[in-house]
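Data block for start_25.cif (mmCIF, C-alpha atoms):
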```cif
data_run
loop_
_atom_site.label_atom_id
_atom_site.label_comp_id
_atom_site.auth_asym_id
_atom_site.auth_seq_id
_atom_site.Cartn_x
_atom_site.Cartn_y
_atom_site.Cartn_z
CA MET V 1 -35.12 9.47 -46.41
CA ALA V 2 -38.18 11.29 -45.17
CA ALA V 3 -38.24 15.07 -45.33
CA VAL V 4 -37.15 16.82 -42.15
CA ASP V 5 -39.42 19.41 -40.53
CA LEU V 6 -38.12 22.93 -39.98
CA SER V 7 -38.37 24.54 -36.56
CA SER V 8 -38.05 28.07 -37.94
CA ILE V 9 -37.54 29.83 -41.26
CA GLY V 10 -35.93 33.12 -42.19
CA ILE V 11 -36.66 34.79 -45.53
CA ALA V 12 -34.80 37.64 -47.23
CA PRO V 13 -35.35 39.43 -50.56
CA GLU V 14 -32.38 39.23 -52.92
CA SER V 15 -31.08 42.33 -54.67
CA SER V 16 -29.67 40.09 -57.41
CA TYR V 17 -30.58 36.55 -58.35
CA GLY V 18 -28.91 34.01 -56.09
CA SER V 19 -26.89 36.67 -54.18
CA VAL V 20 -23.80 35.42 -56.00
CA ASP V 21 -20.37 36.82 -55.12
CA SER V 22 -18.82 37.88 -58.43
CA THR V 23 -15.37 36.76 -57.29
CA THR V 24 -16.12 33.29 -55.95
CA GLY V 25 -19.24 32.40 -57.95
CA ILE V 26 -20.89 31.24 -54.71
CA PRO V 27 -23.90 32.86 -52.96
CA ASP V 28 -22.98 35.26 -50.18
CA ASN V 29 -25.45 35.94 -47.35
CA SER V 30 -23.59 38.92 -45.88
CA GLY V 31 -25.83 41.48 -47.59
CA LEU V 32 -29.11 39.75 -46.76
CA SER V 33 -31.51 40.77 -44.00
CA PHE V 34 -33.62 37.81 -42.87
CA SER V 35 -37.07 38.11 -41.33
CA ALA V 36 -38.76 35.14 -39.69
CA LEU V 37 -41.56 33.60 -41.73
CA ASP V 38 -44.71 32.91 -39.72
CA PHE V 39 -45.84 29.42 -40.75
CA ASP V 40 -47.83 26.42 -39.55
CA ARG V 41 -45.78 23.58 -41.06
CA ALA V 42 -42.63 23.48 -43.17
CA ASN V 43 -39.99 21.00 -44.25
CA ALA V 44 -36.77 21.05 -46.17
CA ALA V 45 -38.14 18.52 -48.61
CA GLY V 46 -34.61 18.09 -49.28
CA LEU V 47 -31.32 18.37 -47.61
CA TYR V 48 -32.24 15.42 -45.44
CA GLY V 49 -34.89 13.99 -47.70
CA ASN V 50 -36.22 15.61 -50.81
CA LEU V 51 -33.64 18.24 -51.73
CA ASP V 52 -32.16 16.46 -54.73
CA GLU V 53 -28.39 16.16 -54.62
CA PRO V 54 -27.02 16.48 -58.14
CA ALA V 55 -24.71 13.51 -58.47
CA ALA V 56 -21.71 12.92 -60.72
CA PRO V 57 -20.35 9.44 -61.42
CA ALA V 58 -17.14 8.82 -59.50
CA ILE V 59 -14.13 8.26 -61.72
CA GLU V 60 -11.69 5.76 -60.35
CA ALA V 61 -9.84 2.65 -61.39
CA ARG V 62 -11.76 -0.55 -60.69
CA THR V 63 -10.79 -4.14 -60.91
CA ALA V 64 -14.15 -5.52 -59.73
CA PHE V 65 -17.51 -5.62 -61.37
CA GLY V 66 -20.04 -2.90 -60.58
CA GLU V 67 -20.21 0.85 -60.70
CA ALA V 68 -18.74 3.47 -58.41
CA VAL V 69 -21.17 5.26 -56.10
CA SER V 70 -22.17 8.69 -57.42
CA GLU V 71 -20.74 11.69 -55.64
CA PRO V 72 -22.37 15.06 -54.96
CA VAL V 73 -21.50 17.89 -57.32
CA THR V 74 -18.91 20.18 -55.73
CA MET V 75 -16.75 23.14 -56.61
CA TRP V 76 -13.60 24.36 -54.90
CA GLN V 77 -13.25 27.52 -52.88
CA SER V 78 -10.08 28.45 -50.99
CA GLY V 79 -8.79 24.91 -51.25
CA ALA V 80 -11.95 23.27 -49.85
CA PRO V 81 -14.86 21.58 -51.64
CA VAL V 82 -18.27 23.28 -51.55
CA GLN V 83 -21.21 20.97 -52.06
CA ARG V 84 -24.17 22.04 -54.18
CA LEU V 85 -27.67 20.92 -53.20
CA SER V 86 -30.92 21.77 -54.98
CA GLY V 87 -34.55 20.95 -54.52
CA THR V 88 -37.70 22.16 -52.82
CA PHE V 89 -39.12 23.38 -49.55
CA GLU V 90 -42.75 22.90 -48.54
CA VAL V 91 -44.33 25.68 -46.46
CA SER V 92 -47.90 26.17 -45.26
CA GLY V 93 -49.53 28.82 -43.09
CA HIS V 94 -52.31 31.38 -42.93
CA ILE V 95 -52.64 34.65 -44.80
CA ILE V 96 -51.39 37.45 -42.56
CA GLY V 97 -51.23 41.05 -43.76
CA VAL V 98 -49.19 44.08 -42.75
CA GLY V 99 -51.89 45.35 -40.40
CA ASP V 100 -51.41 48.95 -39.39
CA GLY V 101 -47.83 48.94 -40.69
CA SER V 102 -46.23 49.34 -37.26
CA VAL V 103 -44.10 46.18 -37.66
CA VAL V 104 -43.95 45.65 -41.43
CA ALA V 105 -44.33 48.93 -43.28
CA ASP V 106 -45.60 47.55 -46.59
CA HIS V 107 -45.60 44.52 -48.86
CA GLY V 108 -42.00 45.10 -49.88
CA ASP V 109 -40.99 43.47 -46.58
CA LEU V 110 -43.90 41.07 -45.94
CA PRO V 111 -42.71 37.43 -46.15
CA LEU V 112 -45.87 36.20 -47.90
CA ALA V 113 -45.56 38.98 -50.50
CA MET V 114 -41.97 37.86 -51.21
CA ILE V 115 -43.28 34.36 -52.00
CA LEU V 116 -46.06 35.71 -54.23
CA ARG V 117 -43.93 38.08 -56.26
CA SER V 118 -41.21 35.46 -56.81
CA MET V 119 -43.73 33.44 -58.81
CA LEU V 120 -46.13 36.01 -60.21
CA GLY V 121 -44.65 39.48 -59.96
CA GLY V 122 -46.71 42.31 -58.53
CA GLN V 123 -47.43 46.00 -58.28
CA MET V 124 -47.79 47.93 -55.04
CA PRO V 125 -49.92 51.09 -55.12
CA ASN V 126 -48.41 54.33 -53.92
CA ALA V 127 -50.85 54.57 -50.99
CA ALA V 128 -52.62 52.15 -48.67
CA SER V 129 -56.07 53.76 -48.89
CA ASP V 130 -58.02 56.55 -50.52
CA ALA V 131 -61.09 58.56 -49.53
CA ILE V 132 -63.68 58.00 -52.26
CA THR V 133 -67.15 59.22 -53.15
CA GLY V 134 -69.41 56.86 -55.04
CA VAL V 135 -70.92 58.00 -58.35
CA SER V 136 -72.55 54.67 -59.20
CA SER V 137 -72.08 51.00 -58.34
CA SER V 138 -69.23 50.80 -60.88
CA THR V 139 -67.63 54.26 -60.64
CA PHE V 140 -66.34 56.52 -57.92
CA THR V 141 -64.44 59.75 -57.49
CA PRO V 142 -60.99 59.28 -55.92
CA THR V 143 -58.97 61.74 -53.88
CA ALA V 144 -55.72 60.78 -55.67
CA ALA V 145 -56.26 59.09 -59.06
CA THR V 146 -52.51 58.59 -59.61
CA ASN V 147 -52.50 55.98 -56.82
CA TYR V 148 -54.61 53.66 -59.00
CA PHE V 149 -53.60 51.52 -61.97
CA GLU V 150 -55.57 49.36 -64.39
CA GLY V 151 -55.75 45.75 -63.27
CA MET V 152 -55.33 46.46 -59.56
CA LEU V 153 -57.85 45.21 -57.01
CA VAL V 154 -59.64 47.63 -54.71
CA ALA V 155 -61.74 46.81 -51.64
CA VAL V 156 -64.73 48.62 -50.15
CA SER V 157 -67.19 47.78 -47.39
CA ILE V 158 -70.88 47.53 -48.27
CA ASN V 159 -73.46 46.41 -45.73
CA GLY V 160 -70.70 45.14 -43.47
CA ARG V 161 -69.07 42.91 -46.07
CA ARG V 162 -65.86 43.45 -47.97
CA GLU V 163 -66.34 43.58 -51.73
CA ILE V 164 -63.51 43.41 -54.25
CA ALA V 165 -63.47 44.83 -57.77
CA ARG V 166 -60.92 45.31 -60.53
CA VAL V 167 -59.95 48.78 -61.72
CA THR V 168 -60.60 48.79 -65.48
CA GLU V 169 -60.12 52.50 -66.20
CA VAL V 170 -58.38 55.42 -64.50
CA ASP V 171 -59.43 58.89 -65.63
CA THR V 172 -56.98 61.27 -63.97
CA GLY V 173 -58.62 64.32 -65.52
CA THR V 174 -62.18 64.14 -64.18
CA PRO V 175 -61.05 62.27 -61.97
CA LEU V 176 -63.01 58.99 -62.08
CA ILE V 177 -62.27 55.34 -61.36
CA THR V 178 -64.23 52.59 -63.15
CA VAL V 179 -64.32 49.08 -61.72
CA ALA V 180 -65.67 45.65 -62.67
CA PRO V 181 -67.69 43.86 -61.67
CA ALA V 182 -69.91 46.53 -60.17
CA PHE V 183 -70.26 46.64 -56.40
CA SER V 184 -73.59 45.47 -55.02
CA ALA V 185 -74.45 49.13 -54.40
CA ASP V 186 -73.04 52.65 -54.73
CA PRO V 187 -70.14 52.65 -52.22
CA GLY V 188 -70.96 56.18 -51.08
CA SER V 189 -68.34 58.12 -49.11
CA GLN V 190 -65.84 55.81 -47.44
CA THR V 191 -62.21 54.74 -47.30
CA ALA V 192 -61.28 52.34 -50.09
CA ARG V 193 -58.46 49.86 -49.41
CA LEU V 194 -55.94 49.82 -52.26
CA MET V 195 -54.48 46.37 -52.78
CA THR V 196 -51.01 45.33 -53.79
CA THR V 197 -51.87 43.18 -56.79
CA PHE V 198 -49.95 40.09 -57.90
CA PHE V 199 -50.37 38.76 -61.45
CA PRO V 200 -48.69 36.29 -63.84
CA ASP V 201 -46.03 38.22 -65.71
CA GLU V 202 -45.15 37.67 -69.34
CA GLU V 203 -41.42 37.42 -68.70
CA LEU V 204 -39.46 37.60 -65.45
CA PRO V 205 -41.63 38.38 -62.42
CA ARG V 206 -41.42 42.14 -61.79
CA TRP V 207 -41.96 44.22 -58.68
CA ILE V 208 -43.42 47.64 -59.51
CA THR V 209 -43.79 50.51 -57.06
CA GLY V 210 -44.53 54.23 -57.25
CA ALA V 211 -47.28 56.54 -58.48
CA ARG V 212 -48.96 56.19 -61.85
CA GLY V 213 -46.71 57.46 -64.64
CA SER V 214 -43.53 57.36 -62.54
CA GLU V 215 -43.35 53.68 -61.61
CA SER V 216 -40.11 51.99 -60.60
CA THR V 217 -39.61 48.43 -61.86
CA SER V 218 -37.29 45.72 -60.57
CA THR V 219 -36.81 42.12 -61.71
CA ALA V 220 -34.99 41.23 -58.46
CA THR V 221 -37.87 39.12 -57.17
CA SER V 222 -36.12 35.97 -55.95
CA PHE V 223 -35.42 35.38 -52.26
CA ALA V 224 -33.19 33.43 -49.90
CA LEU V 225 -34.34 31.04 -47.18
CA ARG V 226 -32.67 30.09 -43.92
CA GLY V 227 -34.18 27.00 -42.35
CA ASP V 228 -33.42 25.58 -38.90
CA ILE V 229 -33.77 21.86 -38.35
CA GLY V 230 -34.21 20.79 -34.74
CA LEU V 231 -33.01 22.63 -31.64
CA GLY V 232 -30.11 22.41 -29.24
CA SER V 233 -26.61 21.11 -29.93
CA ASP V 234 -27.82 18.69 -32.62
CA ALA V 235 -29.71 21.33 -34.62
CA ARG V 236 -28.58 22.22 -38.12
CA ARG V 237 -29.16 25.17 -40.43
CA VAL V 238 -29.68 25.07 -44.18
CA GLU V 239 -29.53 28.13 -46.43
CA ALA V 240 -30.99 28.33 -49.93
CA PHE V 241 -30.60 31.02 -52.60
CA GLY V 242 -32.33 31.99 -55.83
CA CYS V 243 -35.64 30.71 -54.46
CA ARG V 244 -38.92 31.00 -56.34
CA ALA V 245 -42.33 29.51 -55.57
CA GLU V 246 -43.42 27.12 -58.30
CA ARG V 247 -46.68 25.99 -56.72
CA LEU V 248 -49.12 27.99 -54.61
CA ARG V 249 -52.43 26.88 -53.13
CA ILE V 250 -54.66 29.46 -51.41
CA PHE V 251 -57.72 28.03 -49.72
CA GLY V 252 -60.64 28.74 -47.44
CA ASP V 253 -61.99 25.91 -45.32
CA GLU V 254 -64.01 25.22 -42.22
CA SER V 255 -61.34 26.80 -40.00
CA ARG V 256 -62.75 30.15 -41.14
CA VAL V 257 -59.38 31.59 -42.05
CA ILE V 258 -57.63 31.63 -45.40
CA GLY V 259 -54.52 29.48 -45.64
CA TYR V 260 -51.79 28.87 -48.16
CA GLU V 261 -49.43 26.07 -49.16
CA SER V 262 -46.36 26.69 -51.27
CA THR V 263 -43.65 24.64 -52.96
CA ILE V 264 -40.45 26.67 -53.17
CA ARG V 265 -37.59 25.57 -55.42
CA THR V 266 -33.94 26.53 -55.05
CA PRO V 267 -31.08 25.87 -57.49
CA TYR V 268 -28.55 26.00 -54.65
CA ALA V 269 -28.77 25.13 -50.98
CA THR V 270 -26.12 24.33 -48.44
CA ASP V 271 -25.86 23.06 -44.91
CA ASP V 272 -23.60 25.74 -43.50
CA GLY V 273 -22.60 23.69 -40.47
CA LEU V 274 -23.87 26.30 -38.04
CA THR V 275 -25.87 25.45 -34.96
CA ALA V 276 -29.46 26.49 -35.50
CA SER V 277 -31.01 29.17 -33.35
CA LEU V 278 -34.78 29.59 -33.28
CA GLN V 279 -35.86 32.55 -35.39
CA GLN V 280 -38.76 34.31 -33.76
CA PRO V 281 -41.78 35.36 -35.89
CA ILE V 282 -41.41 38.76 -37.48
CA TRP V 283 -44.06 40.25 -35.19
CA GLY V 284 -41.98 39.65 -32.04
CA ALA V 285 -43.69 41.09 -28.97
CA ASN V 286 -46.20 42.94 -31.13
CA ALA V 287 -49.66 41.58 -31.79
CA ARG V 288 -49.93 39.88 -35.17
CA PRO V 289 -52.21 41.55 -37.72
CA ASN V 290 -55.56 39.87 -38.25
CA LYS V 291 -55.63 36.85 -40.49
CA ALA V 292 -57.70 36.97 -43.66
CA VAL V 293 -60.98 35.89 -42.13
CA TYR V 294 -63.05 33.60 -44.34
CA LEU V 295 -66.21 34.11 -42.31
CA GLY V 296 -66.88 37.41 -44.09
CA ALA V 297 -65.70 36.27 -47.52
CA LEU V 298 -67.89 37.10 -50.49
CA ALA V 299 -67.64 35.06 -53.71
CA THR V 300 -69.33 36.42 -56.83
CA LEU V 301 -69.70 35.83 -60.57
CA SER V 302 -70.22 38.71 -62.99
CA ASP V 303 -72.41 38.83 -66.05
CA ASP V 304 -71.05 37.13 -69.17
CA ILE V 305 -68.12 39.05 -70.70
CA SER V 306 -67.73 36.84 -73.76
CA GLY V 307 -69.08 39.64 -75.94
CA GLY V 308 -65.87 41.57 -75.37
CA SER V 309 -67.13 44.61 -73.53
CA VAL V 310 -67.63 45.75 -69.95
CA GLY V 311 -69.58 48.79 -71.03
CA GLY V 312 -72.17 50.03 -68.58
CA THR V 313 -72.63 48.22 -65.31
CA LEU V 314 -71.28 44.67 -65.15
CA ALA V 315 -73.42 43.18 -62.40
CA ARG V 316 -72.40 40.42 -60.01
CA SER V 317 -74.27 37.60 -58.33
CA THR V 318 -73.25 35.77 -55.15
CA ILE V 319 -71.93 32.20 -55.11
CA ASN V 320 -72.93 30.26 -52.01
CA LEU V 321 -69.74 28.33 -51.31
CA ARG V 322 -69.92 25.04 -49.41
CA ASN V 323 -67.09 23.25 -47.60
CA GLY V 324 -64.49 25.78 -48.69
CA TRP V 325 -62.62 26.47 -51.93
CA GLU V 326 -59.09 26.51 -53.33
CA LEU V 327 -57.05 28.45 -55.87
CA VAL V 328 -54.16 26.37 -57.25
CA ILE V 329 -51.34 27.95 -59.27
CA GLU V 330 -48.69 25.59 -60.61
CA GLY V 331 -45.67 26.10 -62.81
CA THR V 332 -42.13 24.88 -63.37
CA GLN V 333 -38.99 26.80 -62.52
CA SER V 334 -36.77 26.98 -65.57
CA ALA V 335 -33.18 28.17 -65.89
CA ARG V 336 -32.71 31.41 -67.76
CA ASP V 337 -29.32 32.63 -69.03
CA VAL V 338 -27.16 29.58 -68.28
CA ASN V 339 -23.96 30.65 -66.52
CA GLY V 340 -21.16 28.19 -65.81
CA GLU V 341 -19.22 30.75 -63.76
CA THR V 342 -21.50 30.35 -60.72
CA ILE V 343 -22.33 27.30 -58.68
CA LEU V 344 -26.00 27.96 -59.49
CA GLY V 345 -25.29 27.23 -63.14
CA GLN V 346 -27.61 30.05 -64.21
CA SER V 347 -27.91 33.82 -64.00
CA GLU V 348 -31.68 33.86 -63.51
CA SER V 349 -34.75 31.63 -63.42
CA GLU V 350 -38.40 32.01 -64.34
CA ILE V 351 -41.65 30.16 -63.78
CA VAL V 352 -43.02 28.67 -67.01
CA GLY V 353 -46.05 26.59 -67.96
CA VAL V 354 -48.28 28.17 -65.33
CA SER V 355 -51.74 26.68 -64.87
CA ILE V 356 -54.49 28.27 -62.77
CA ARG V 357 -57.50 26.44 -61.31
CA PHE V 358 -60.22 27.50 -58.90
CA ASN V 359 -62.07 24.56 -57.31
CA CYS V 360 -65.09 24.75 -55.06
CA GLN V 361 -68.38 23.27 -53.98
CA ALA V 362 -71.34 25.58 -54.30
CA ASP V 363 -75.12 25.60 -54.25
CA SER V 364 -76.56 24.76 -57.64
CA THR V 365 -77.80 27.69 -59.74
CA ALA V 366 -78.88 28.17 -63.35
CA THR V 367 -75.79 30.34 -63.88
CA PHE V 368 -73.41 27.39 -63.68
CA GLU V 369 -75.46 25.36 -66.16
CA GLN V 370 -75.51 28.35 -68.51
CA MET V 371 -71.74 28.80 -68.24
CA ARG V 372 -71.26 25.14 -69.08
CA ARG V 373 -73.64 25.04 -72.05
CA LEU V 374 -72.72 28.39 -73.62
CA ILE V 375 -68.99 28.30 -72.72
CA GLU V 376 -69.28 31.71 -71.09
CA ARG V 377 -66.50 33.76 -69.53
CA ARG V 378 -67.35 35.56 -66.31
CA MET V 379 -65.37 37.48 -63.69
CA LEU V 380 -64.94 35.26 -60.62
CA THR V 381 -64.11 37.31 -57.51
CA ILE V 382 -63.55 36.50 -53.84
CA GLY V 383 -63.11 39.16 -51.19
CA SER V 384 -62.16 38.49 -47.60
CA GLY V 385 -61.96 40.66 -44.52
CA PRO V 386 -61.68 41.92 -41.94
CA ASP V 387 -62.25 45.42 -43.26
CA LEU V 388 -59.26 46.92 -41.47
CA ALA V 389 -56.03 48.53 -42.66
CA GLY V 390 -53.57 45.98 -44.03
CA CYS V 391 -55.90 43.01 -43.56
CA GLY V 392 -57.61 40.66 -45.97
CA ILE V 393 -57.12 39.28 -49.45
CA GLY V 394 -58.85 39.53 -52.81
CA ILE V 395 -58.74 37.01 -55.65
CA GLN V 396 -60.07 37.46 -59.15
CA LEU V 397 -60.11 35.36 -62.31
CA PRO V 398 -61.19 38.14 -64.70
CA ALA V 399 -62.30 35.72 -67.44
CA ALA V 400 -63.04 32.43 -65.69
CA HIS V 401 -64.62 29.56 -67.56
CA LEU V 402 -66.04 26.32 -66.24
CA ILE V 403 -64.02 23.21 -67.08
CA GLU V 404 -65.51 20.67 -64.66
CA TYR V 405 -69.12 20.43 -63.62
CA ALA V 406 -69.97 17.45 -61.43
CA GLN V 407 -73.52 16.42 -60.61
CA PRO V 408 -74.89 17.58 -57.26
CA THR V 409 -73.86 15.66 -54.17
CA GLU V 410 -75.27 15.93 -50.69
CA VAL V 411 -73.31 18.20 -48.33
CA ASP V 412 -74.71 18.88 -44.86
CA SER V 413 -78.20 17.69 -45.90
CA ARG V 414 -78.14 20.01 -48.93
CA PHE V 415 -77.04 19.38 -52.49
CA ALA V 416 -73.97 21.13 -53.89
CA LEU V 417 -72.10 21.14 -57.19
CA SER V 418 -68.38 20.37 -57.49
CA LEU V 419 -66.95 23.00 -59.83
CA SER V 420 -63.58 23.75 -61.37
CA PHE V 421 -62.80 27.00 -63.18
CA ALA V 422 -59.81 27.85 -65.36
CA ALA V 423 -58.37 31.31 -66.04
CA ASP V 424 -58.59 32.78 -69.52
CA GLN V 425 -57.08 35.85 -71.15
CA PHE V 426 -58.77 39.12 -70.15
CA GLY V 427 -58.64 41.99 -72.64
CA LEU V 428 -61.09 44.52 -71.28
CA ASP V 429 -58.91 46.87 -69.23
CA ASN V 430 -58.78 50.20 -71.05
CA ARG V 431 -55.05 50.80 -70.67
CA THR V 432 -52.81 48.74 -72.94
CA THR V 433 -49.40 49.79 -71.60
CA GLY V 434 -49.84 48.95 -67.93
CA TYR V 435 -48.36 46.07 -65.98
CA ALA V 436 -51.32 44.44 -64.25
CA ASP V 437 -53.91 45.14 -66.94
CA ASN V 438 -55.48 42.29 -68.94
CA ARG V 439 -53.91 39.52 -66.87
CA VAL V 440 -55.55 36.13 -66.35
CA LEU V 441 -55.32 36.32 -62.56
CA ALA V 442 -55.10 38.94 -59.83
CA ILE V 443 -54.34 38.32 -56.15
CA GLY V 444 -54.60 41.38 -53.92
CA LEU V 445 -53.31 41.99 -50.40
CA ALA V 446 -54.75 45.02 -48.65
CA ARG V 447 -52.20 47.68 -47.75
#
```
Any chance you could give the structure as structure tokens?
Amino acid sequence: MAAVDLSSIGIAPESSYGSVDSTTGIPDNSGLSFSALDFDRANAAGLYGNLDEPAAPAIEARTAFGEAVSEPVTMWQSGAPVQRLSGTFEVSGHIIGVGDGSVVADHGDLPLAMILRSMLGGQMPNAASDAITGVSSSTFTPTAATNYFEGMLVAVSINGRREIARVTEVDTGTPLITVAPAFSADPGSQTARLMTTFFPDEELPRWITGARGSESTSTATSFALRGDIGLGSDARRVEAFGCRAERLRIFGDESRVIGYESTIRTPYATDDGLTASLQQPIWGANARPNKAVYLGALATLSDDISGGSVGGTLARSTINLRNGWELVIEGTQSARDVNGETILGQSESEIVGVSIRFNCQADSTATFEQMRRLIERRMLTIGSGPDLAGCGIGIQLPAAHLIEYAQPTEVDSRFALSLSFAADQFGLDNRTTGYADNRVLAIGLAR
């Protein structure tokens, strides 16, 4: 059957994987607080289409040829069978931040952040912004150095455009913050936007909060979904637990906003038999925060970092993007700690085999040819506005290398290259005990 579209979606962070009741072994939604996910399109690629029903061969006496029809996997609770469904949801929408924090205080409660940290893990700085004074294009004096951490993304505004850089060193004594690549100019005195930074974790995705040196870490990064199918008396509701995103596509296109598409996998979903009721977007009567506007996006490549040092000023040059771009992160959800005492069949899950690709069309430059011939690694960074509190996104492949380089094709009466970059290991952050440092990817949402 074809997948059925969802009319509304609720999302809730889980305090433990799958929200399993220790007595029954079945997920319990009583402790979950759902917020409506603002989306453009979504389907339960599943319960009525793509959600794969685990099937067990029926065992019965037969006197005729042929096999018995498979039956859904069930378990018994209070004398009644409970059916287990598993599979994926498909969700797409536009990047929306927390804005001024009047509706959603921070990224701990932002639906999009829940999706990101379920796949990648992330660290939220202890403050949304900081008053800085530029020392050079790659260093500045902070007001509160303990609100920074190596590997995080920070945003400033230079000549009306938002620029993103990676914090590579935090000197709490001087104090001094060093970033790479260098901004296009000394940022001067202004308010820097500190970004909650998401990154591929080495083990279970972690959610880290708090000031430098006193961080709090949690591995409870899965979430539950509540999807409504249709409206009125015929509408149905499906609930899914232990959800993690296993594919994420972030893209900028001619619509001039930044969008996302995500494939979310659940080990257990159920049609609870309740009549669906439309879940209103989390913003309610309040104005939604600005979307991440692509019109002011700035894409840059740094100098070559293959020599293994970011000493001095690591300059950047602008990439003239054409017809948009996309960042594609794909992995596979894998069971961790198999547990036969729950209907999920596992105590945890993780995303393994992650691949990262950045694809774009851009004006031809000698830099791309040099990257291809010399197999260079460069920092690939995209920053998007608007330059307001809680708005915009930053993306960085700290050690990107070119894996596909197509010959120029004509786009809008000009020639452009089709390029594909892969993420490589980055080892140039100066702290070796941090969480976000030296990761192959960083995605930042402005606080």
- Item | For region 171-180 of chain V: contacts at 6 Å, only C-alpha atoms, fewer than 6 positions along chain excluded, given as a list in words | Ser138, Thr139, Phe140, Thr141, Ala145 and Ala165 of chain V
- Run the PyMOL selection byres ((chain V and resi 26-40) around 8) mentally over the shown coordinates, then write out the matched residues as a PyMOL selection string, using the chain letters and numbers from the document. chain V and resi 8-14+18-22+24-25+41-42+91-94+111-112+226+241+279-282+342-344
Axis-aligned box over every listed atom of region 427-437 of chain V, padded by 8 Å per side: centre and edges in Å to one decimal, as JSON?
```
{"center_x": -54.7, "center_y": 46.4, "center_z": -68.6, "size_x": 28.7, "size_y": 24.8, "size_z": 24.7}
```
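Counting only C-alpha atoms, Glu246 (chain V) has the following residues at most 8 Å away, ignoring those fewer than 4 positions along the same chain: Met119, Ser262, Thr263, Ile264, Arg265, Glu330, Gly331, Thr332, Gln333 and Ile351 of chain V.
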I would like the residues chosen by the PyMOL selection byres ((chain V and resi 85) around 6) on the shown file; could you give them as a PDB file with C-alpha atoms, keeping the file's coordinate frame?
```pdb
ATOM      1  CA  GLU V  53     -28.390  16.160 -54.620  1.00  0.00           C
ATOM      2  CA  ARG V  84     -24.170  22.040 -54.180  1.00  0.00           C
ATOM      3  CA  SER V  86     -30.920  21.770 -54.980  1.00  0.00           C
ATOM      4  CA  TYR V 268     -28.550  26.000 -54.650  1.00  0.00           C
ATOM      5  CA  ALA V 269     -28.770  25.130 -50.980  1.00  0.00           C
TER       6      ALA V 269
END
```
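The closest residue to Glu376 (chain V), picked from V:Val352, V:Ile132, V:Ala422, V:Leu417 and counting only C-alpha atoms, is V:Ala422.
If you measure from each of V:Ser349, V:Gln370, V:Thr88, V:Thr196 to Gly394 (chain V) using only C-alpha atoms, the closest one turns out to be V:Thr196.
The closest residue to Gly210 (chain V), picked from V:Thr300, V:Ala423, V:Ala105, V:Phe149 and counting all atoms listed in the file, is V:Phe149.
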- Task: Run the PyMOL selection byres ((chain V and resi 442) around 9) on the file and write out the hits as JSON, numbers by chain.
- Result: {"V": [151, 152, 153, 166, 197, 198, 199, 200, 394, 395, 396, 397, 398, 436, 439, 440, 441, 443, 444]}
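The nearest approach to Ile329 (chain V) among the residues V:Trp207, V:Tyr148, V:Phe223, V:Tyr260, with all atoms listed in the file taken into account, belongs to V:Tyr260.
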- Task: Find the spatial neighbours of Ser216 (chain V), counting only C-alpha atoms, within a cut-off of 12 Å - ignore same-chain residues fewer than 4 positions away - and output them as a list in words.
- Result: Gly122, Gln123, Met124, Pro125, Asn126, Arg206, Trp207, Ile208, Thr209, Gly210, Ala211, Arg212 and Tyr435 of chain V
- Message: Neighbouring residues of Pro181 (chain V) were defined as those with any atom within 10 Å, considering all atoms listed in the file; residues of the same chain fewer than 3 positions away were excluded. Please report them as a PyMOL selection string.
- Response: chain V and resi 137-138+164-168+178+184+300-303+310+313-317+378-381+398
- Item | Pairwise distance for CA of Leu120 (chain V) and CA of Leu6 (chain V), rounded to one decimal in Å | 25.4 Å
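Across V:Ala235, V:Leu248, V:Ile96, V:Met114, the tightest approach to Phe358 (chain V) is made by V:Leu248 when counting all atoms listed in the file.
For the residues V:Ala446, V:Val103, V:Met195, V:Leu428, ranking by smallest atom-to-atom distance to Gly390 (chain V) using only C-alpha atoms places V:Ala446 first.
For the atom pair formed by CA of Val238 (chain V) and CA of Thr270 (chain V), the distance is 5.6 Å, given to one decimal.
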- Message: Excluding Ile250 (chain V) and its own-chain neighbours fewer than 6 positions away, which residues fall within 6 Å of it when counting all atoms listed in the file? Please give them as an MDAnalysis selection string.
- Response: chainID V and resid 259:260 326:327
- What gap, in Å, lies between CA of Thr266 (chain V) and CA of Ser347 (chain V)? 13.0 Å
- Neighbours of point (-76.1, 31.9, -58.4) within 8 Å, using only C-alpha atoms, written as a PyMOL selection string: chain V and resi 301+317-320+363-368
Can region 258-263 of chain V be brought up to N, CA and C atoms and written out as an mmCIF file, in the coordinates of the input?
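selection.cif, written as the output of this step:
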```cif
data_model
loop_
_atom_site.group_PDB
_atom_site.id
_atom_site.type_symbol
_atom_site.label_atom_id
_atom_site.label_comp_id
_atom_site.auth_asym_id
_atom_site.auth_seq_id
_atom_site.Cartn_x
_atom_site.Cartn_y
_atom_site.Cartn_z
ATOM 1 N N ILE V 258 -58.155 31.978 -44.091
ATOM 2 C CA ILE V 258 -57.630 31.630 -45.400
ATOM 3 C C ILE V 258 -56.176 31.198 -45.245
ATOM 4 N N GLY V 259 -55.859 30.031 -45.762
ATOM 5 C CA GLY V 259 -54.520 29.480 -45.640
ATOM 6 C C GLY V 259 -53.817 29.409 -46.980
ATOM 7 N N TYR V 260 -52.548 29.068 -46.926
ATOM 8 C CA TYR V 260 -51.790 28.870 -48.160
ATOM 9 C C TYR V 260 -50.821 27.714 -47.989
ATOM 10 N N GLU V 261 -50.475 27.082 -49.088
ATOM 11 C CA GLU V 261 -49.430 26.070 -49.160
ATOM 12 C C GLU V 261 -48.555 26.415 -50.353
ATOM 13 N N SER V 262 -47.248 26.318 -50.181
ATOM 14 C CA SER V 262 -46.360 26.690 -51.270
ATOM 15 C C SER V 262 -45.203 25.713 -51.399
ATOM 16 N N THR V 263 -44.867 25.408 -52.644
ATOM 17 C CA THR V 263 -43.650 24.640 -52.960
ATOM 18 C C THR V 263 -42.628 25.620 -53.498
#
```
